[in-house]
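Here's final-v7.pdb, which has PDB, C-alpha atoms:
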```
ATOM      1  CA  ASP A1214     -27.745 -27.060  13.072
ATOM      2  CA  SER A1215     -28.134 -28.604   9.612
ATOM      3  CA  TRP A1216     -31.387 -26.706   9.049
ATOM      4  CA  GLY A1217     -29.963 -23.289   8.166
ATOM      5  CA  PRO A1218     -31.924 -20.773   6.072
ATOM      6  CA  GLY A1219     -30.654 -22.201   2.784
ATOM      7  CA  ARG A1220     -31.690 -25.741   3.595
ATOM      8  CA  CYS A1221     -35.078 -24.591   4.901
ATOM      9  CA  THR A1222     -35.665 -22.646   1.675
ATOM     10  CA  HIS A1223     -34.664 -25.671  -0.392
ATOM     11  CA  GLU A1224     -36.951 -28.024   1.580
ATOM     12  CA  VAL A1225     -39.928 -25.679   1.109
ATOM     13  CA  TYR A1226     -39.135 -25.485  -2.617
ATOM     14  CA  ASP A1227     -38.899 -29.299  -2.892
ATOM     15  CA  GLU A1228     -42.144 -29.911  -1.012
ATOM     16  CA  LEU A1229     -44.357 -27.073  -2.248
ATOM     17  CA  VAL A1230     -43.021 -25.614  -5.494
ATOM     18  CA  GLU A1231     -41.194 -28.071  -7.766
ATOM     19  CA  SER A1232     -44.163 -30.395  -8.330
ATOM     20  CA  LYS A1233     -46.318 -27.403  -9.378
ATOM     21  CA  VAL A1234     -43.938 -26.251 -12.151
ATOM     22  CA  VAL A1235     -45.458 -27.312 -15.483
ATOM     23  CA  GLU A1236     -43.712 -25.224 -18.128
ATOM     24  CA  PRO A1237     -40.027 -25.975 -18.769
ATOM     25  CA  THR A1238     -38.269 -23.825 -16.165
ATOM     26  CA  ILE A1239     -34.657 -23.228 -15.193
ATOM     27  CA  VAL A1240     -34.195 -22.762 -11.456
ATOM     28  CA  PHE A1241     -30.810 -21.280 -10.566
ATOM     29  CA  ASP A1242     -28.830 -19.835  -7.641
ATOM     30  CA  HIS A1243     -29.412 -22.675  -5.174
ATOM     31  CA  PRO A1244     -28.521 -22.364  -1.457
ATOM     32  CA  ARG A1245     -24.909 -23.270  -0.657
ATOM     33  CA  GLU A1246     -25.946 -25.859   1.964
ATOM     34  CA  THR A1247     -27.591 -28.036  -0.691
ATOM     35  CA  SER A1248     -24.579 -28.389  -2.993
ATOM     36  CA  PRO A1249     -21.283 -29.068  -1.207
ATOM     37  CA  LEU A1250     -19.379 -29.649  -4.470
ATOM     38  CA  ALA A1251     -20.602 -26.517  -6.283
ATOM     39  CA  LYS A1252     -18.672 -23.280  -6.707
ATOM     40  CA  PRO A1253     -19.918 -20.269  -4.715
ATOM     41  CA  HIS A1254     -21.974 -17.684  -6.584
ATOM     42  CA  ARG A1255     -19.841 -14.740  -7.739
ATOM     43  CA  SER A1256     -21.885 -12.061  -5.980
ATOM     44  CA  ASP A1257     -23.617 -13.932  -3.120
ATOM     45  CA  THR A1258     -21.628 -16.597  -1.268
ATOM     46  CA  SER A1259     -24.776 -17.958   0.411
ATOM     47  CA  LEU A1260     -25.645 -19.343  -3.045
ATOM     48  CA  VAL A1261     -23.861 -21.600  -5.538
ATOM     49  CA  GLU A1262     -23.517 -21.636  -9.325
ATOM     50  CA  ARG A1263     -26.077 -24.376  -9.921
ATOM     51  CA  PHE A1264     -29.215 -24.805 -11.973
ATOM     52  CA  GLU A1265     -31.930 -27.387 -12.482
ATOM     53  CA  VAL A1266     -34.260 -27.830 -15.436
ATOM     54  CA  ILE A1267     -37.794 -28.628 -14.260
ATOM     55  CA  VAL A1268     -40.454 -29.956 -16.657
ATOM     56  CA  TYR A1269     -43.944 -31.114 -15.637
ATOM     57  CA  GLY A1270     -43.016 -30.988 -11.960
ATOM     58  CA  ARG A1271     -39.920 -33.171 -12.329
ATOM     59  CA  GLU A1272     -36.230 -32.367 -12.255
ATOM     60  CA  LEU A1273     -34.980 -33.239 -15.727
ATOM     61  CA  ALA A1274     -31.414 -31.954 -15.382
ATOM     62  CA  ASN A1275     -29.039 -30.709 -12.698
ATOM     63  CA  ALA A1276     -25.846 -28.779 -13.384
ATOM     64  CA  TYR A1277     -23.265 -26.742 -11.526
ATOM     65  CA  SER A1278     -19.820 -25.188 -11.684
ATOM     66  CA  GLU A1279     -17.380 -27.427  -9.818
ATOM     67  CA  LEU A1280     -15.745 -26.057  -6.683
ATOM     68  CA  ASN A1281     -12.008 -26.287  -7.377
ATOM     69  CA  ASP A1282     -10.601 -24.585  -4.257
ATOM     70  CA  PRO A1283      -9.210 -27.344  -1.984
ATOM     71  CA  VAL A1284      -9.364 -25.211   1.184
ATOM     72  CA  GLU A1285     -13.016 -24.297   0.720
ATOM     73  CA  GLN A1286     -13.887 -27.839  -0.392
ATOM     74  CA  LEU A1287     -12.321 -29.294   2.758
ATOM     75  CA  ALA A1288     -14.333 -26.850   4.891
ATOM     76  CA  ARG A1289     -17.532 -27.887   3.102
ATOM     77  CA  PHE A1290     -16.732 -31.582   3.561
ATOM     78  CA  GLN A1291     -16.119 -30.937   7.264
ATOM     79  CA  GLU A1292     -19.511 -29.186   7.530
ATOM     80  CA  GLU A1293     -21.130 -32.194   5.832
ATOM     81  CA  ALA A1294     -19.385 -34.617   8.206
ATOM     82  CA  ALA A1295     -20.607 -32.600  11.217
ATOM     83  CA  HIS A1296     -24.180 -32.747   9.887
ATOM     84  CA  LYS A1297     -23.815 -36.490   9.324
ATOM     85  CA  ALA A1298     -22.552 -36.967  12.892
ATOM     86  CA  ALA A1299     -25.604 -35.017  14.081
ATOM     87  CA  GLY A1300     -27.875 -37.513  12.318
ATOM     88  CA  ASP A1301     -28.453 -35.984   8.869
ATOM     89  CA  PRO A1302     -28.895 -38.995   6.539
ATOM     90  CA  GLU A1303     -28.198 -36.921   3.410
ATOM     91  CA  ALA A1304     -24.867 -35.512   4.593
ATOM     92  CA  GLY A1305     -21.580 -36.836   3.248
ATOM     93  CA  ASP A1306     -18.116 -37.611   4.546
ATOM     94  CA  VAL A1307     -14.737 -35.922   4.169
ATOM     95  CA  ASP A1308     -13.061 -37.218   0.995
ATOM     96  CA  LEU A1309      -9.347 -36.588   1.528
ATOM     97  CA  ASP A1310      -8.406 -38.239  -1.773
ATOM     98  CA  TYR A1311     -10.548 -35.690  -3.603
ATOM     99  CA  ILE A1312      -9.004 -32.835  -1.587
ATOM    100  CA  ARG A1313      -5.529 -34.106  -2.470
ATOM    101  CA  ALA A1314      -6.471 -34.175  -6.164
ATOM    102  CA  LEU A1315      -7.754 -30.585  -5.931
ATOM    103  CA  GLU A1316      -4.458 -29.524  -4.345
ATOM    104  CA  TYR A1317      -2.669 -30.616  -7.525
ATOM    105  CA  GLY A1318      -4.869 -28.188  -9.405
ATOM    106  CA  MET A1319      -8.161 -28.419 -11.212
ATOM    107  CA  PRO A1320      -9.152 -26.009 -13.980
ATOM    108  CA  PRO A1321     -12.586 -24.412 -13.945
ATOM    109  CA  ALA A1322     -15.112 -27.122 -14.747
ATOM    110  CA  GLY A1323     -18.797 -27.877 -14.657
ATOM    111  CA  GLY A1324     -21.107 -30.784 -15.099
ATOM    112  CA  LEU A1325     -24.609 -31.539 -16.285
ATOM    113  CA  GLY A1326     -26.634 -34.605 -15.367
ATOM    114  CA  ILE A1327     -29.752 -35.458 -17.344
ATOM    115  CA  GLY A1328     -32.317 -37.947 -16.059
ATOM    116  CA  ILE A1329     -32.870 -40.042 -19.189
ATOM    117  CA  ASP A1330     -35.634 -42.095 -17.530
ATOM    118  CA  ARG A1331     -37.407 -38.866 -16.544
ATOM    119  CA  LEU A1332     -37.058 -37.509 -20.083
ATOM    120  CA  VAL A1333     -38.615 -40.713 -21.460
ATOM    121  CA  MET A1334     -41.445 -40.375 -18.894
ATOM    122  CA  ILE A1335     -42.226 -36.896 -20.227
ATOM    123  CA  LEU A1336     -42.037 -37.976 -23.871
ATOM    124  CA  ALA A1337     -44.186 -41.069 -23.228
ATOM    125  CA  ALA A1338     -46.646 -39.152 -20.993
ATOM    126  CA  VAL A1339     -46.487 -41.711 -18.174
ATOM    127  CA  GLU A1340     -46.712 -41.058 -14.437
ATOM    128  CA  SER A1341     -44.428 -43.751 -13.049
ATOM    129  CA  ILE A1342     -40.738 -44.149 -13.735
ATOM    130  CA  ARG A1343     -41.261 -47.920 -13.459
ATOM    131  CA  GLU A1344     -43.141 -47.809 -16.775
ATOM    132  CA  VAL A1345     -40.044 -46.617 -18.637
ATOM    133  CA  ILE A1346     -37.189 -47.995 -16.568
ATOM    134  CA  LEU A1347     -34.373 -49.437 -18.657
ATOM    135  CA  PHE A1348     -33.968 -52.697 -16.762
ATOM    136  CA  PRO A1349     -37.227 -54.703 -16.955
ATOM    137  CA  THR A1350     -36.218 -56.945 -14.060
ATOM    138  CA  LEU A1351     -36.571 -53.930 -11.779
ATOM    139  CA  ARG A1352     -40.289 -53.514 -12.586
ATOM    140  CA  PRO A1353     -42.901 -55.016 -10.271
ATOM    141  CA  GLU A1354     -44.719 -57.970 -11.804
ATOM    142  CA  HIS A1355     -48.220 -59.403 -11.403
ATOM    143  CA  GLY A1356     -49.747 -56.443  -9.607
ATOM    144  CA  LEU A1357     -47.114 -56.213  -6.889
ATOM    145  CA  THR A1358     -46.946 -52.870  -5.149
ATOM    146  CA  ASP A1359     -43.760 -50.861  -4.791
ATOM    147  CA  GLU A1360     -43.618 -52.005  -1.147
ATOM    148  CA  ASP A1361     -43.750 -55.673  -2.200
ATOM    149  CA  PHE A1362     -41.053 -55.028  -4.761
ATOM    150  CA  SER A1363     -38.700 -53.282  -2.331
ATOM    151  CA  ALA A1364     -38.729 -56.320  -0.046
ATOM    152  CA  GLY A1365     -36.714 -58.260  -2.645
ATOM    153  CA  PRO A1366     -37.446 -61.259  -4.851
ATOM    154  CA  THR A1367     -40.105 -63.719  -3.746
ATOM    155  CA  VAL A1368     -38.550 -66.712  -5.506
TER
END
```
Kindly transcribe the structure held in the file into structure tokens.
Amino acid sequence: DSWGPGRCTHEVYDELVESKVVEPTIVFDHPRETSPLAKPHRSDTSLVERFEVIVYGRELANAYSELNDPVEQLARFQEEAAHKAAGDPEAGDVDLDYIRALEYGMPPAGGLGIGIDRLVMILAAVESIREVILFPTLRPEHGLTDEDFSAGPTV
């Protein structure tokens, strides 16, 4: 079942906790099920070496140590594929090209992704990402709702 204890914990956090965090906060040691590309935690393999920076109820940054073990990565991809086959829309596929690249060897690595639009939202004190989005053609015009906008152009 794709709803193991780690995923349940993460879903509760997403729905009930993250939006209530006001002060800049670093949330670390995420459940393994939520991060198939992240390296396992050194002392608890049910967790991964990952952190998020939360500010005013929004994820501003996400970072983790990259999993560089091809055997474990293949097993994680296979778990994801099984969840996808069972109907999980967030689950991924097996990426054999990536596994092959890992087999050649990958040094310890990590990555950090910062949501620039979210940072600008915080600095500009606005509630909607559409108010700060980089590409103006993606903003709704003339009082259109988000639902109207998602239906595509009306030209």
I need every residue sitting at most 10 Å from the point (-16.7, -34.6, 6.5) (coordinates as in the file, all atoms listed in the file considered), written as a PyMOL selection string. chain A and resi 1287-1298+1304-1309
Ile1327 of chain A surroundings by only C-alpha atoms, 8 Å radius, close-in-sequence under 4 positions cut, as number ranges by chain: A: 1273-1275
Find the residues near Glu1340 of chain A: any atom within 12 Å, counting only C-alpha atoms, skip ones fewer than 4 places away on the same chain, and give them as a list in words.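 The residues that qualify are Tyr1269, Gly1270, Arg1271, Asp1330, Arg1331, Leu1332, Val1333, Met1334, Ile1335, Leu1336, Glu1344, Val1345 and Ile1346 of chain A.
Each of A:Val1230, A:Cys1221, A:Ala1251, A:Val1261 was checked against Gly1323 of chain A using all atoms listed in the file; the smallest atom-to-atom distance is that of A:Ala1251.
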Please report the interatomic distance between atom CA of Ala1314 of chain A and atom CA of Glu1262 of chain A in Å with one decimal.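 Separation between atom CA of Ala1314 of chain A and atom CA of Glu1262 of chain A: 21.4 Å.
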Given the PyMOL selection byres ((chain A and resi 1320) around 12) and the file above, list the residues it selects as a list of chain:residue names. A:Ser1278, A:Glu1279, A:Leu1280, A:Asn1281, A:Asp1282, A:Ala1314, A:Leu1315, A:Glu1316, A:Tyr1317, A:Gly1318, A:Met1319, A:Pro1321, A:Ala1322, A:Gly1323
Pick out the closest residue to Pro1283 of chain A from this set: A:Val1234, A:Leu1229, A:Leu1325, A:Ile1312. Count all atoms listed in the file.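 Under the stated criterion, the closest residue is A:Ile1312.
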Grab the atom CA of Phe1264 of chain A to atom CA of Val1284 of chain A distance for me, in Å with one decimal place.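 If I compute the distance from atom CA of Phe1264 of chain A to atom CA of Val1284 of chain A, I get 23.8 Å.
Here atom CA of Ile1342 of chain A stands at a distance of 27.0 Å from atom CA of Asp1301 of chain A.
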Counting all atoms listed in the file, which residue out of A:Arg1343, A:Glu1303, A:Arg1313, A:Ile1267 sits closest to Pro1237 of chain A?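 Going through A:Arg1343, A:Glu1303, A:Arg1313, A:Ile1267 one by one, the smallest distance to Pro1237 of chain A is for A:Ile1267.
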Could you give me, as a PDB file with C-alpha atoms, in the coordinates of the input, the residues within 9 Å of His1223 of chain A, counting only C-alpha atoms and dropping anything in the same chain fewer than 6 positions from it?
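Full text of selection06.pdb as output:
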```
ATOM      1  CA  HIS A1243     -29.412 -22.675  -5.174  1.00  0.00           C
ATOM      2  CA  PRO A1244     -28.521 -22.364  -1.457  1.00  0.00           C
ATOM      3  CA  THR A1247     -27.591 -28.036  -0.691  1.00  0.00           C
TER       4      THR A1247
END
```
Which polymer residues, whether protein, DNA or RNA, lie within 7 Å of the coordinate (-36.3, -23.9, -9.0) when you count all atoms listed in the file? List them as a PyMOL selection string, using the chain letters and numbers from the file. chain A and resi 1231+1239-1241+1265
Residue among A:Gly1326, A:Lys1233, A:His1254, A:Val1225 lying closest to Val1268 of chain A, counting all atoms listed in the file: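 Using all atoms listed in the file, the shortest distance to Val1268 of chain A belongs to A:Lys1233.
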Between A:Ser1259, A:Ser1232, A:Ser1341, A:Thr1222, which residue has the minimum interatomic distance to Arg1245 of chain A, considering all atoms listed in the file?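 Selected residue with least distance to Arg1245 of chain A: A:Ser1259.
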Counting only C-alpha atoms, the option among A:Glu1236, A:Thr1258, A:Ala1276, A:Val1339 closest to Gly1324 of chain A: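 Among the listed residues, the smallest separation from Gly1324 of chain A belongs to A:Ala1276.
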Glu1246 of chain A environment, 7 Å, all atoms listed in the file, sequence neighbours closer than 2 positions dropped, as a ChimeraX atom specification: /A:1219-1220,1244,1248-1249
Any chance you could work out the axis-aligned box around segment 1256-1263 of chain A, listed atoms only, 3 Å on each side, giving centre and edge lengths in Å to one decimal, as AutoDock Vina command-line options?
```
--center_x -23.9 --center_y -18.2 --center_z -4.8 --size_x 10.4 --size_y 18.3 --size_z 16.3
```
